[in-house]
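Visitor: Here you go, this is final_24.pdb (PDB, C-alpha atoms).
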ATOM      1  CA  PHE A  21       0.000   0.000   0.000  1.00  0.00           C
ATOM      2  CA  GLY A  22       2.760   2.442   0.908  1.00  0.00           C
ATOM      3  CA  GLY A  23       4.336   2.271  -2.594  1.00  0.00           C
ATOM      4  CA  PHE A  24       1.006   2.951  -4.219  1.00  0.00           C
ATOM      5  CA  LEU A  25       0.504   6.112  -2.145  1.00  0.00           C
ATOM      6  CA  VAL A  26       3.962   7.426  -3.033  1.00  0.00           C
ATOM      7  CA  LYS A  27       3.206   6.935  -6.750  1.00  0.00           C
ATOM      8  CA  GLU A  28      -0.021   8.868  -6.429  1.00  0.00           C
ATOM      9  CA  ALA A  29       1.783  11.705  -4.685  1.00  0.00           C
ATOM     10  CA  VAL A  30       4.331  11.926  -7.536  1.00  0.00           C
ATOM     11  CA  VAL A  31       1.571  12.094 -10.124  1.00  0.00           C
ATOM     12  CA  SER A  32      -0.216  14.843  -8.252  1.00  0.00           C
ATOM     13  CA  THR A  33       2.952  16.963  -8.003  1.00  0.00           C
ATOM     14  CA  GLN A  34       3.502  16.663 -11.785  1.00  0.00           C
ATOM     15  CA  SER A  35      -0.076  17.624 -12.623  1.00  0.00           C
ATOM     16  CA  THR A  36       0.169  20.863 -10.626  1.00  0.00           C
ATOM     17  CA  GLY A  37       3.168  21.970 -12.743  1.00  0.00           C
ATOM     18  CA  VAL A  38       1.028  22.372 -15.932  1.00  0.00           C
ATOM     19  CA  VAL A  39       0.403  25.993 -16.980  1.00  0.00           C
ATOM     20  CA  GLU A  40      -3.232  26.923 -17.383  1.00  0.00           C
ATOM     21  CA  GLY A  41      -4.331  27.242 -21.040  1.00  0.00           C
ATOM     22  CA  ALA A  42      -1.374  25.237 -22.394  1.00  0.00           C
ATOM     23  CA  VAL A  43      -1.902  23.486 -25.723  1.00  0.00           C
ATOM     24  CA  PRO A  44      -0.266  20.209 -26.760  1.00  0.00           C
ATOM     25  CA  ALA A  45       2.254  20.385 -29.603  1.00  0.00           C
ATOM     26  CA  TYR A  46      -0.049  18.777 -32.175  1.00  0.00           C
ATOM     27  CA  LEU A  47      -2.659  21.536 -31.674  1.00  0.00           C
ATOM     28  CA  LEU A  48      -0.278  24.482 -32.050  1.00  0.00           C
ATOM     29  CA  ASP A  49      -1.060  25.034 -35.772  1.00  0.00           C
ATOM     30  CA  ARG A  50      -4.820  25.206 -35.283  1.00  0.00           C
ATOM     31  CA  GLU A  51      -4.882  28.899 -34.411  1.00  0.00           C
ATOM     32  CA  THR A  52      -2.967  29.988 -37.531  1.00  0.00           C
ATOM     33  CA  GLU A  53      -5.304  27.856 -39.638  1.00  0.00           C
ATOM     34  CA  SER A  54      -8.377  29.660 -38.310  1.00  0.00           C
ATOM     35  CA  ARG A  55      -6.655  32.986 -38.953  1.00  0.00           C
ATOM     36  CA  ALA A  56      -5.988  31.953 -42.551  1.00  0.00           C
ATOM     37  CA  LYS A  57      -9.636  30.974 -42.899  1.00  0.00           C
ATOM     38  CA  VAL A  58     -10.737  34.389 -41.647  1.00  0.00           C
ATOM     39  CA  LEU A  59      -8.410  36.057 -44.165  1.00  0.00           C
ATOM     40  CA  SER A  60      -9.669  33.976 -47.074  1.00  0.00           C
ATOM     41  CA  ASN A  61     -13.270  34.695 -46.074  1.00  0.00           C
ATOM     42  CA  MET A  62     -12.481  38.419 -46.017  1.00  0.00           C
ATOM     43  CA  VAL A  63     -10.970  38.231 -49.503  1.00  0.00           C
ATOM     44  CA  LYS A  64     -14.029  36.337 -50.792  1.00  0.00           C
ATOM     45  CA  GLN A  65     -16.344  38.925 -49.244  1.00  0.00           C
ATOM     46  CA  LYS A  66     -14.369  41.764 -50.863  1.00  0.00           C
ATOM     47  CA  ARG A  67     -14.630  40.020 -54.231  1.00  0.00           C
ATOM     48  CA  LYS A  68     -18.379  39.619 -53.837  1.00  0.00           C
ATOM     49  CA  GLU A  69     -18.748  43.284 -52.937  1.00  0.00           C
ATOM     50  CA  LYS A  70     -16.670  44.304 -55.945  1.00  0.00           C
ATOM     51  CA  ALA A  71     -18.749  42.155 -58.287  1.00  0.00           C
ATOM     52  CA  GLY A  72     -22.064  43.496 -57.073  1.00  0.00           C
ATOM     53  CA  LYS A  73     -20.843  47.022 -56.438  1.00  0.00           C
ATOM     54  CA  TRP A  74     -22.685  48.791 -59.222  1.00  0.00           C
ATOM     55  CA  SER A  75     -26.199  48.143 -60.387  1.00  0.00           C
ATOM     56  CA  VAL A  76     -26.092  48.225 -64.170  1.00  0.00           C
ATOM     57  CA  PRO A  77     -28.475  50.549 -66.089  1.00  0.00           C
ATOM     58  CA  ILE A  78     -29.307  47.790 -68.621  1.00  0.00           C
ATOM     59  CA  PRO A  79     -29.508  44.503 -66.672  1.00  0.00           C
ATOM     60  CA  GLN A  80     -30.574  42.314 -69.639  1.00  0.00           C
ATOM     61  CA  VAL A  81     -29.594  42.464 -73.289  1.00  0.00           C
ATOM     62  CA  LYS A  82     -30.631  40.589 -76.418  1.00  0.00           C
ATOM     63  CA  GLN A  83     -28.257  37.702 -77.072  1.00  0.00           C
ATOM     64  CA  MET A  84     -26.104  37.999 -80.169  1.00  0.00           C
ATOM     65  CA  GLY A  85     -25.099  34.868 -82.009  1.00  0.00           C
ATOM     66  CA  GLU A  86     -21.767  34.372 -83.727  1.00  0.00           C
ATOM     67  CA  ASP A  87     -23.444  34.569 -87.149  1.00  0.00           C
ATOM     68  CA  GLU A  88     -24.510  38.134 -86.308  1.00  0.00           C
ATOM     69  CA  VAL A  89     -21.137  39.294 -84.971  1.00  0.00           C
ATOM     70  CA  PHE A  90     -18.833  37.476 -87.404  1.00  0.00           C
ATOM     71  CA  LYS A  91     -18.821  37.257 -91.191  1.00  0.00           C
ATOM     72  CA  VAL A  92     -17.213  34.139 -92.680  1.00  0.00           C
ATOM     73  CA  MET A  93     -14.293  34.990 -94.972  1.00  0.00           C
ATOM     74  CA  ALA A  94     -13.581  32.544 -97.777  1.00  0.00           C
ATOM     75  CA  THR A  95      -9.835  32.335 -98.452  1.00  0.00           C
ATOM     76  CA  GLY A  96      -7.384  30.376-100.555  1.00  0.00           C
ATOM     77  CA  LYS A  97      -6.901  30.250-104.330  1.00  0.00           C
ATOM     78  CA  ARG A  98     -10.219  28.462-104.907  1.00  0.00           C
ATOM     79  CA  LYS A  99     -11.974  30.242-101.981  1.00  0.00           C
ATOM     80  CA  LYS A 100     -12.412  26.833-100.367  1.00  0.00           C
ATOM     81  CA  LYS A 101     -11.093  27.658 -96.910  1.00  0.00           C
ATOM     82  CA  ALA A 102     -13.484  29.295 -94.462  1.00  0.00           C
ATOM     83  CA  TRP A 103     -11.651  29.566 -91.123  1.00  0.00           C
ATOM     84  CA  LYS A 104     -11.299  33.357 -91.056  1.00  0.00           C
ATOM     85  CA  ARG A 105     -13.880  35.628 -89.460  1.00  0.00           C
ATOM     86  CA  MET A 106     -14.463  39.340 -89.897  1.00  0.00           C
ATOM     87  CA  VAL A 107     -15.969  41.171 -86.916  1.00  0.00           C
ATOM     88  CA  THR A 108     -18.998  43.181 -88.076  1.00  0.00           C
ATOM     89  CA  LYS A 109     -19.497  45.069 -84.801  1.00  0.00           C
ATOM     90  CA  VAL A 110     -17.642  47.976 -83.222  1.00  0.00           C
ATOM     91  CA  THR A 111     -14.432  46.936 -81.448  1.00  0.00           C
ATOM     92  CA  TYR A 112     -11.847  48.435 -79.136  1.00  0.00           C
ATOM     93  CA  VAL A 113      -8.237  47.604 -79.898  1.00  0.00           C
ATOM     94  CA  GLY A 114      -5.505  48.611 -77.429  1.00  0.00           C
ATOM     95  CA  GLU A 115      -2.710  51.025 -78.273  1.00  0.00           C
ATOM     96  CA  ASP A 116       0.005  48.359 -78.125  1.00  0.00           C
ATOM     97  CA  PHE A 117      -1.861  45.926 -80.417  1.00  0.00           C
ATOM     98  CA  THR A 118       0.106  44.489 -83.326  1.00  0.00           C
ATOM     99  CA  ARG A 119      -1.675  42.636 -86.101  1.00  0.00           C
ATOM    100  CA  LYS A 120      -0.671  39.135 -87.065  1.00  0.00           C
ATOM    101  CA  PRO A 121       0.417  38.727 -90.703  1.00  0.00           C
ATOM    102  CA  PRO A 122      -2.863  38.930 -92.726  1.00  0.00           C
ATOM    103  CA  LYS A 123      -2.446  35.362 -93.938  1.00  0.00           C
ATOM    104  CA  TYR A 124      -2.606  33.948 -90.398  1.00  0.00           C
ATOM    105  CA  GLU A 125      -5.062  36.391 -88.804  1.00  0.00           C
ATOM    106  CA  ARG A 126      -8.174  34.487 -87.726  1.00  0.00           C
ATOM    107  CA  PHE A 127     -10.321  37.357 -86.409  1.00  0.00           C
ATOM    108  CA  ILE A 128     -10.153  40.482 -88.571  1.00  0.00           C
ATOM    109  CA  ARG A 129     -11.224  43.694 -86.826  1.00  0.00           C
ATOM    110  CA  PRO A 130     -11.724  46.371 -89.521  1.00  0.00           C
ATOM    111  CA  MET A 131     -10.052  49.737 -88.906  1.00  0.00           C
ATOM    112  CA  ALA A 132     -13.313  51.572 -89.703  1.00  0.00           C
ATOM    113  CA  LEU A 133     -15.036  49.815 -86.775  1.00  0.00           C
ATOM    114  CA  ARG A 134     -12.265  50.393 -84.216  1.00  0.00           C
ATOM    115  CA  PHE A 135     -13.233  53.074 -81.725  1.00  0.00           C
ATOM    116  CA  LYS A 136     -11.048  54.864 -79.191  1.00  0.00           C
ATOM    117  CA  LYS A 137     -13.458  57.303 -77.538  1.00  0.00           C
ATOM    118  CA  ALA A 138     -16.910  57.066 -75.989  1.00  0.00           C
ATOM    119  CA  HIS A 139     -19.582  59.619 -75.051  1.00  0.00           C
ATOM    120  CA  VAL A 140     -20.020  58.944 -71.353  1.00  0.00           C
ATOM    121  CA  THR A 141     -22.882  60.451 -69.360  1.00  0.00           C
ATOM    122  CA  HIS A 142     -22.408  61.066 -65.648  1.00  0.00           C
ATOM    123  CA  PRO A 143     -25.789  60.185 -64.054  1.00  0.00           C
ATOM    124  CA  GLU A 144     -25.428  62.582 -61.097  1.00  0.00           C
ATOM    125  CA  LEU A 145     -23.911  65.552 -62.942  1.00  0.00           C
ATOM    126  CA  LYS A 146     -26.323  65.005 -65.895  1.00  0.00           C
ATOM    127  CA  ALA A 147     -23.480  65.895 -68.241  1.00  0.00           C
ATOM    128  CA  THR A 148     -21.855  63.991 -71.107  1.00  0.00           C
ATOM    129  CA  PHE A 149     -18.112  63.840 -71.764  1.00  0.00           C
ATOM    130  CA  CYS A 150     -16.132  62.419 -74.676  1.00  0.00           C
ATOM    131  CA  LEU A 151     -13.636  60.180 -72.881  1.00  0.00           C
ATOM    132  CA  PRO A 152     -10.872  57.895 -74.166  1.00  0.00           C
ATOM    133  CA  MET A 153     -11.447  54.177 -73.612  1.00  0.00           C
ATOM    134  CA  ILE A 154      -9.004  51.982 -71.675  1.00  0.00           C
ATOM    135  CA  GLY A 155     -10.512  48.571 -72.410  1.00  0.00           C
ATOM    136  CA  VAL A 156     -13.535  46.298 -72.584  1.00  0.00           C
ATOM    137  CA  LYS A 157     -14.367  44.912 -69.138  1.00  0.00           C
ATOM    138  CA  LYS A 158     -17.213  42.542 -70.010  1.00  0.00           C
ATOM    139  CA  ASN A 159     -19.418  41.813 -72.976  1.00  0.00           C
ATOM    140  CA  PRO A 160     -22.518  40.035 -71.591  1.00  0.00           C
ATOM    141  CA  ASN A 161     -22.968  38.011 -74.791  1.00  0.00           C
ATOM    142  CA  SER A 162     -19.769  35.968 -74.647  1.00  0.00           C
ATOM    143  CA  PRO A 163     -16.314  35.870 -73.013  1.00  0.00           C
ATOM    144  CA  MET A 164     -14.847  35.585 -76.522  1.00  0.00           C
ATOM    145  CA  TYR A 165     -16.353  38.945 -77.486  1.00  0.00           C
ATOM    146  CA  THR A 166     -14.825  40.428 -74.336  1.00  0.00           C
ATOM    147  CA  GLN A 167     -11.415  39.065 -75.324  1.00  0.00           C
ATOM    148  CA  LEU A 168     -11.751  40.421 -78.874  1.00  0.00           C
ATOM    149  CA  GLY A 169     -12.929  43.804 -77.583  1.00  0.00           C
ATOM    150  CA  VAL A 170     -16.317  43.660 -79.322  1.00  0.00           C
ATOM    151  CA  ILE A 171     -18.618  46.458 -78.136  1.00  0.00           C
ATOM    152  CA  THR A 172     -22.376  45.880 -78.323  1.00  0.00           C
ATOM    153  CA  LYS A 173     -25.313  47.242 -76.332  1.00  0.00           C
ATOM    154  CA  GLY A 174     -24.915  46.398 -72.630  1.00  0.00           C
ATOM    155  CA  THR A 175     -21.123  45.975 -72.763  1.00  0.00           C
ATOM    156  CA  VAL A 176     -19.223  47.323 -69.737  1.00  0.00           C
ATOM    157  CA  ILE A 177     -16.212  49.361 -70.878  1.00  0.00           C
ATOM    158  CA  GLU A 178     -13.454  51.059 -68.908  1.00  0.00           C
ATOM    159  CA  VAL A 179     -12.945  54.758 -69.587  1.00  0.00           C
ATOM    160  CA  ASN A 180     -10.288  57.260 -68.553  1.00  0.00           C
ATOM    161  CA  VAL A 181     -11.989  59.767 -66.234  1.00  0.00           C
ATOM    162  CA  SER A 182      -8.872  61.669 -65.149  1.00  0.00           C
ATOM    163  CA  GLU A 183     -10.077  64.844 -66.894  1.00  0.00           C
ATOM    164  CA  LEU A 184     -13.294  64.830 -64.829  1.00  0.00           C
ATOM    165  CA  GLY A 185     -11.194  65.299 -61.683  1.00  0.00           C
ATOM    166  CA  LEU A 186     -12.995  62.645 -59.623  1.00  0.00           C
ATOM    167  CA  VAL A 187     -11.337  62.025 -56.252  1.00  0.00           C
ATOM    168  CA  THR A 188     -11.559  59.027 -53.890  1.00  0.00           C
ATOM    169  CA  THR A 189     -12.260  59.365 -50.157  1.00  0.00           C
ATOM    170  CA  GLY A 190      -8.506  58.991 -49.587  1.00  0.00           C
ATOM    171  CA  GLY A 191      -7.827  62.040 -51.774  1.00  0.00           C
ATOM    172  CA  LYS A 192      -6.424  60.115 -54.762  1.00  0.00           C
ATOM    173  CA  VAL A 193      -7.464  61.042 -58.309  1.00  0.00           C
ATOM    174  CA  VAL A 194      -9.619  58.379 -59.948  1.00  0.00           C
ATOM    175  CA  TRP A 195      -8.110  57.319 -63.270  1.00  0.00           C
ATOM    176  CA  GLY A 196     -10.290  54.545 -64.718  1.00  0.00           C
ATOM    177  CA  LYS A 197     -13.998  53.945 -64.219  1.00  0.00           C
ATOM    178  CA  TYR A 198     -16.518  51.555 -65.736  1.00  0.00           C
ATOM    179  CA  ALA A 199     -19.399  52.576 -67.987  1.00  0.00           C
ATOM    180  CA  GLN A 200     -22.149  50.595 -69.711  1.00  0.00           C
ATOM    181  CA  VAL A 201     -22.920  51.066 -73.400  1.00  0.00           C
ATOM    182  CA  THR A 202     -26.558  52.120 -73.912  1.00  0.00           C
ATOM    183  CA  ASN A 203     -26.828  52.318 -77.720  1.00  0.00           C
ATOM    184  CA  HIS A 204     -26.065  50.137 -80.745  1.00  0.00           C
ATOM    185  CA  PRO A 205     -22.650  51.559 -81.778  1.00  0.00           C
ATOM    186  CA  GLU A 206     -22.564  49.724 -85.130  1.00  0.00           C
ATOM    187  CA  ASN A 207     -25.760  51.567 -86.200  1.00  0.00           C
ATOM    188  CA  ASP A 208     -25.041  55.000 -84.692  1.00  0.00           C
ATOM    189  CA  GLY A 209     -21.354  55.388 -85.497  1.00  0.00           C
ATOM    190  CA  CYS A 210     -20.557  56.420 -81.897  1.00  0.00           C
ATOM    191  CA  ILE A 211     -20.495  54.846 -78.451  1.00  0.00           C
ATOM    192  CA  ASN A 212     -22.903  56.238 -75.865  1.00  0.00           C
ATOM    193  CA  ALA A 213     -22.466  55.000 -72.317  1.00  0.00           C
ATOM    194  CA  VAL A 214     -23.577  55.680 -68.746  1.00  0.00           C
ATOM    195  CA  LEU A 215     -20.948  55.905 -66.008  1.00  0.00           C
ATOM    196  CA  LEU A 216     -21.375  53.322 -63.254  1.00  0.00           C
ATOM    197  CA  VAL A 217     -21.103  55.315 -60.050  1.00  0.00           C
TER     198      VAL A 217
END
Before anything else, please render the file you have as structure tokens.
Guide:
Amino acid sequence: FGGFLVKEAVVSTQSTGVVEGAVPAYLLDRETESRAKVLSNMVKQKRKEKAGKWSVPIPQVKQMGEDEVFKVMATGKRKKKAWKRMVTKVTYVGEDFTRKPPKYERFIRPMALRFKKAHVTHPELKATFCLPMIGVKKNPNSPMYTQLGVITKGTVIEVNVSELGLVTTGGKVVWGKYAQVTNHPENDGCINAVLLV
């Protein structure tokens, strides 16, 4: 019996030496994991906010098929090949764009339908400005049209608003802002858009 009591006493002295709130080694990483989760959730939330930040003036547009946007170009000596397409809608082509050699160019964007400026209306100021375009953000019809820079009704474009002198809450000058196209540019010969504030 005496030996058993001694053992118990030893155990009790060891148990009192444990610091309150101590975590075993295999649980040490758990806290950092939860922190990472919080961070990733914050990033996701920010993304969601950014996506749904502006309500678009034209929420739904008529779908445009490829046969409407592209014209099939017959090529080759016997005009047998038909892999080239000519874009029949207004496009935006960046400043640093270089054409492929005409023989190998699949999508031809005519110079006459390439636009660089847009008439953008500020909904609060009720004034219209002719602003240079920076790029095509999203064409609701197809991601391919977005990539090619095709501008149709409902397309969200990015415009340079530095000349409007818009300032953020932090005091920085706003450079690029999004606007949605409200007309059919291929019919009107100009791009009319409403600034998304």
Visitor: Closest to Glu206 in chain A among A:Val176, A:Val81, A:Val39, A:Val107, using only C-alpha atoms?
Guide: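 Residue with the minimum atom-to-atom distance to Glu206 in chain A: A:Val107.
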Visitor: For CA of Trp103 in chain A and CA of Tyr124 in chain A, quote the distance in Å rounded to one decimal.
Guide: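 That distance, rounded to one decimal, is 10.1 Å.
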Visitor: Residues at most 9 Å from Met84 in chain A, counting all atoms listed in the file, excluding those fewer than 4 positions away in the same chain, as a list in words?
Guide: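 Near Met84 in chain A, the qualifying residues are Glu88, Val89, Asn161, Ser162 and Thr172 of chain A.
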Visitor: Between CA of Lys158 in chain A and CA of Thr189 in chain A, what is the distance in Å, rounded to a tenth?
Guide: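 Calculated distance between CA of Lys158 in chain A and CA of Thr189 in chain A is 26.5 Å.
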Visitor: Leaving out range 112-117 of chain A and any residue of its chain fewer than 4 positions from it, which residues lie within 7 Å of it when counting only C-alpha atoms, given as a PDB file with C-alpha atoms, in the coordinates of the input?
Guide:
ATOM      1  CA  ARG A 134     -12.265  50.393 -84.216  1.00  0.00           C
ATOM      2  CA  PHE A 135     -13.233  53.074 -81.725  1.00  0.00           C
ATOM      3  CA  LYS A 136     -11.048  54.864 -79.191  1.00  0.00           C
ATOM      4  CA  GLY A 155     -10.512  48.571 -72.410  1.00  0.00           C
ATOM      5  CA  GLY A 169     -12.929  43.804 -77.583  1.00  0.00           C
ATOM      6  CA  VAL A 170     -16.317  43.660 -79.322  1.00  0.00           C
TER       7      VAL A 170
END
Visitor: Would you pick out the contacts of Leu133 in chain A at 8 Å or less, using only C-alpha atoms, so that residues sharing its chain but fewer than 5 positions from it are not included, and give the list as a PyMOL selection string?
Guide: chain A and resi 108-111+206
Visitor: Could you tell me, as number ranges by chain, exactly which residues end up selected when the PyMOL selection byres ((chain A and resi 137) around 8) is applied to this structure?
Guide: A: 135-136, 138-139, 150-153, 211
Visitor: Which is closest to Asn203 in chain A among A:Arg126, A:Lys173, A:Lys157, A:Lys64, if we use only C-alpha atoms?
Guide: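 Ranked by minimum distance to Asn203 in chain A, first place goes to A:Lys173.
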Visitor: To one decimal place in Å, what is the distance between CA of His142 in chain A and CA of Lys82 in chain A?
Guide: 24.6 Å
Visitor: Need the shell around Leu186 in chain A: protein/DNA/RNA residues with any atom at most 10 Å away, counting all atoms listed in the file. Skip same-chain ones fewer than 4 positions apart. Format as a list in words?
Guide: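 Here the qualifying residues turn out to be Val181, Ser182, Gly191, Lys192, Val193, Val194, Trp195, Gly196 and Lys197 of chain A.
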Visitor: Near Leu215 in chain A, counting only C-alpha atoms, which residues have an atom at most 7 Å away, once you skip same-chain residues fewer than 4 positions from it, shown as JSON, numbers by chain?
Guide: {"A": [140, 141, 142, 143, 198, 199, 200]}
Visitor: Counting all atoms listed in the file, figure out which residue out of A:Met106, A:Ala147, A:Leu48, A:Ala213 gets nearest to Pro122 in chain A.
Guide: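 Nearest to Pro122 in chain A: A:Met106.
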Visitor: Assuming the input is short of atoms at range 197-212 of chain A, produce N, CA, C and O atoms for that part as a PDB file, in the frame of the given file.
Guide:
ATOM      1  N   LYS A 197     -12.685  54.285 -64.782  1.00  0.00           N
ATOM      2  CA  LYS A 197     -13.998  53.945 -64.219  1.00  0.00           C
ATOM      3  C   LYS A 197     -14.774  53.161 -65.268  1.00  0.00           C
ATOM      4  O   LYS A 197     -14.517  53.283 -66.468  1.00  0.00           O
ATOM      5  N   TYR A 198     -15.740  52.357 -64.804  1.00  0.00           N
ATOM      6  CA  TYR A 198     -16.518  51.555 -65.736  1.00  0.00           C
ATOM      7  C   TYR A 198     -17.769  52.295 -66.191  1.00  0.00           C
ATOM      8  O   TYR A 198     -18.341  53.086 -65.446  1.00  0.00           O
ATOM      9  N   ALA A 199     -18.171  52.003 -67.429  1.00  0.00           N
ATOM     10  CA  ALA A 199     -19.399  52.576 -67.987  1.00  0.00           C
ATOM     11  C   ALA A 199     -20.079  51.514 -68.832  1.00  0.00           C
ATOM     12  O   ALA A 199     -19.413  50.648 -69.398  1.00  0.00           O
ATOM     13  N   GLN A 200     -21.426  51.576 -68.898  1.00  0.00           N
ATOM     14  CA  GLN A 200     -22.149  50.595 -69.711  1.00  0.00           C
ATOM     15  C   GLN A 200     -22.696  51.251 -70.976  1.00  0.00           C
ATOM     16  O   GLN A 200     -23.297  52.326 -70.930  1.00  0.00           O
ATOM     17  N   VAL A 201     -22.486  50.559 -72.094  1.00  0.00           N
ATOM     18  CA  VAL A 201     -22.920  51.066 -73.400  1.00  0.00           C
ATOM     19  C   VAL A 201     -24.440  50.958 -73.486  1.00  0.00           C
ATOM     20  O   VAL A 201     -25.023  49.913 -73.187  1.00  0.00           O
ATOM     21  N   THR A 202     -25.091  52.076 -73.893  1.00  0.00           N
ATOM     22  CA  THR A 202     -26.558  52.120 -73.912  1.00  0.00           C
ATOM     23  C   THR A 202     -27.140  52.150 -75.323  1.00  0.00           C
ATOM     24  O   THR A 202     -28.352  52.088 -75.486  1.00  0.00           O
ATOM     25  N   ASN A 203     -26.298  52.268 -76.348  1.00  0.00           N
ATOM     26  CA  ASN A 203     -26.828  52.318 -77.720  1.00  0.00           C
ATOM     27  C   ASN A 203     -26.261  51.173 -78.555  1.00  0.00           C
ATOM     28  O   ASN A 203     -25.494  50.353 -78.045  1.00  0.00           O
ATOM     29  N   HIS A 204     -26.641  51.120 -79.819  1.00  0.00           N
ATOM     30  CA  HIS A 204     -26.065  50.137 -80.745  1.00  0.00           C
ATOM     31  C   HIS A 204     -24.982  50.863 -81.546  1.00  0.00           C
ATOM     32  O   HIS A 204     -25.295  51.520 -82.547  1.00  0.00           O
ATOM     33  N   PRO A 205     -23.702  50.759 -81.139  1.00  0.00           N
ATOM     34  CA  PRO A 205     -22.650  51.559 -81.778  1.00  0.00           C
ATOM     35  C   PRO A 205     -22.501  51.292 -83.278  1.00  0.00           C
ATOM     36  O   PRO A 205     -22.193  52.199 -84.038  1.00  0.00           O
ATOM     37  N   GLU A 206     -22.757  50.051 -83.705  1.00  0.00           N
ATOM     38  CA  GLU A 206     -22.564  49.724 -85.130  1.00  0.00           C
ATOM     39  C   GLU A 206     -23.587  50.445 -86.017  1.00  0.00           C
ATOM     40  O   GLU A 206     -23.331  50.682 -87.200  1.00  0.00           O
ATOM     41  N   ASN A 207     -24.739  50.835 -85.433  1.00  0.00           N
ATOM     42  CA  ASN A 207     -25.760  51.567 -86.200  1.00  0.00           C
ATOM     43  C   ASN A 207     -25.568  53.073 -86.107  1.00  0.00           C
ATOM     44  O   ASN A 207     -25.845  53.794 -87.061  1.00  0.00           O
ATOM     45  N   ASP A 208     -25.100  53.550 -84.938  1.00  0.00           N
ATOM     46  CA  ASP A 208     -25.041  55.000 -84.692  1.00  0.00           C
ATOM     47  C   ASP A 208     -23.701  55.636 -85.064  1.00  0.00           C
ATOM     48  O   ASP A 208     -23.614  56.847 -85.209  1.00  0.00           O
ATOM     49  N   GLY A 209     -22.665  54.828 -85.156  1.00  0.00           N
ATOM     50  CA  GLY A 209     -21.354  55.388 -85.497  1.00  0.00           C
ATOM     51  C   GLY A 209     -20.670  56.063 -84.317  1.00  0.00           C
ATOM     52  O   GLY A 209     -19.690  56.785 -84.485  1.00  0.00           O
ATOM     53  N   CYS A 210     -21.203  55.891 -83.113  1.00  0.00           N
ATOM     54  CA  CYS A 210     -20.557  56.420 -81.897  1.00  0.00           C
ATOM     55  C   CYS A 210     -20.954  55.529 -80.738  1.00  0.00           C
ATOM     56  O   CYS A 210     -21.924  54.785 -80.817  1.00  0.00           O
ATOM     57  N   ILE A 211     -20.194  55.641 -79.646  1.00  0.00           N
ATOM     58  CA  ILE A 211     -20.495  54.846 -78.451  1.00  0.00           C
ATOM     59  C   ILE A 211     -21.063  55.780 -77.396  1.00  0.00           C
ATOM     60  O   ILE A 211     -20.397  56.732 -76.979  1.00  0.00           O
ATOM     61  N   ASN A 212     -22.296  55.505 -76.978  1.00  0.00           N
ATOM     62  CA  ASN A 212     -22.903  56.238 -75.865  1.00  0.00           C
ATOM     63  C   ASN A 212     -22.937  55.320 -74.659  1.00  0.00           C
ATOM     64  O   ASN A 212     -23.321  54.159 -74.784  1.00  0.00           O
TER      65      ASN A 212
END
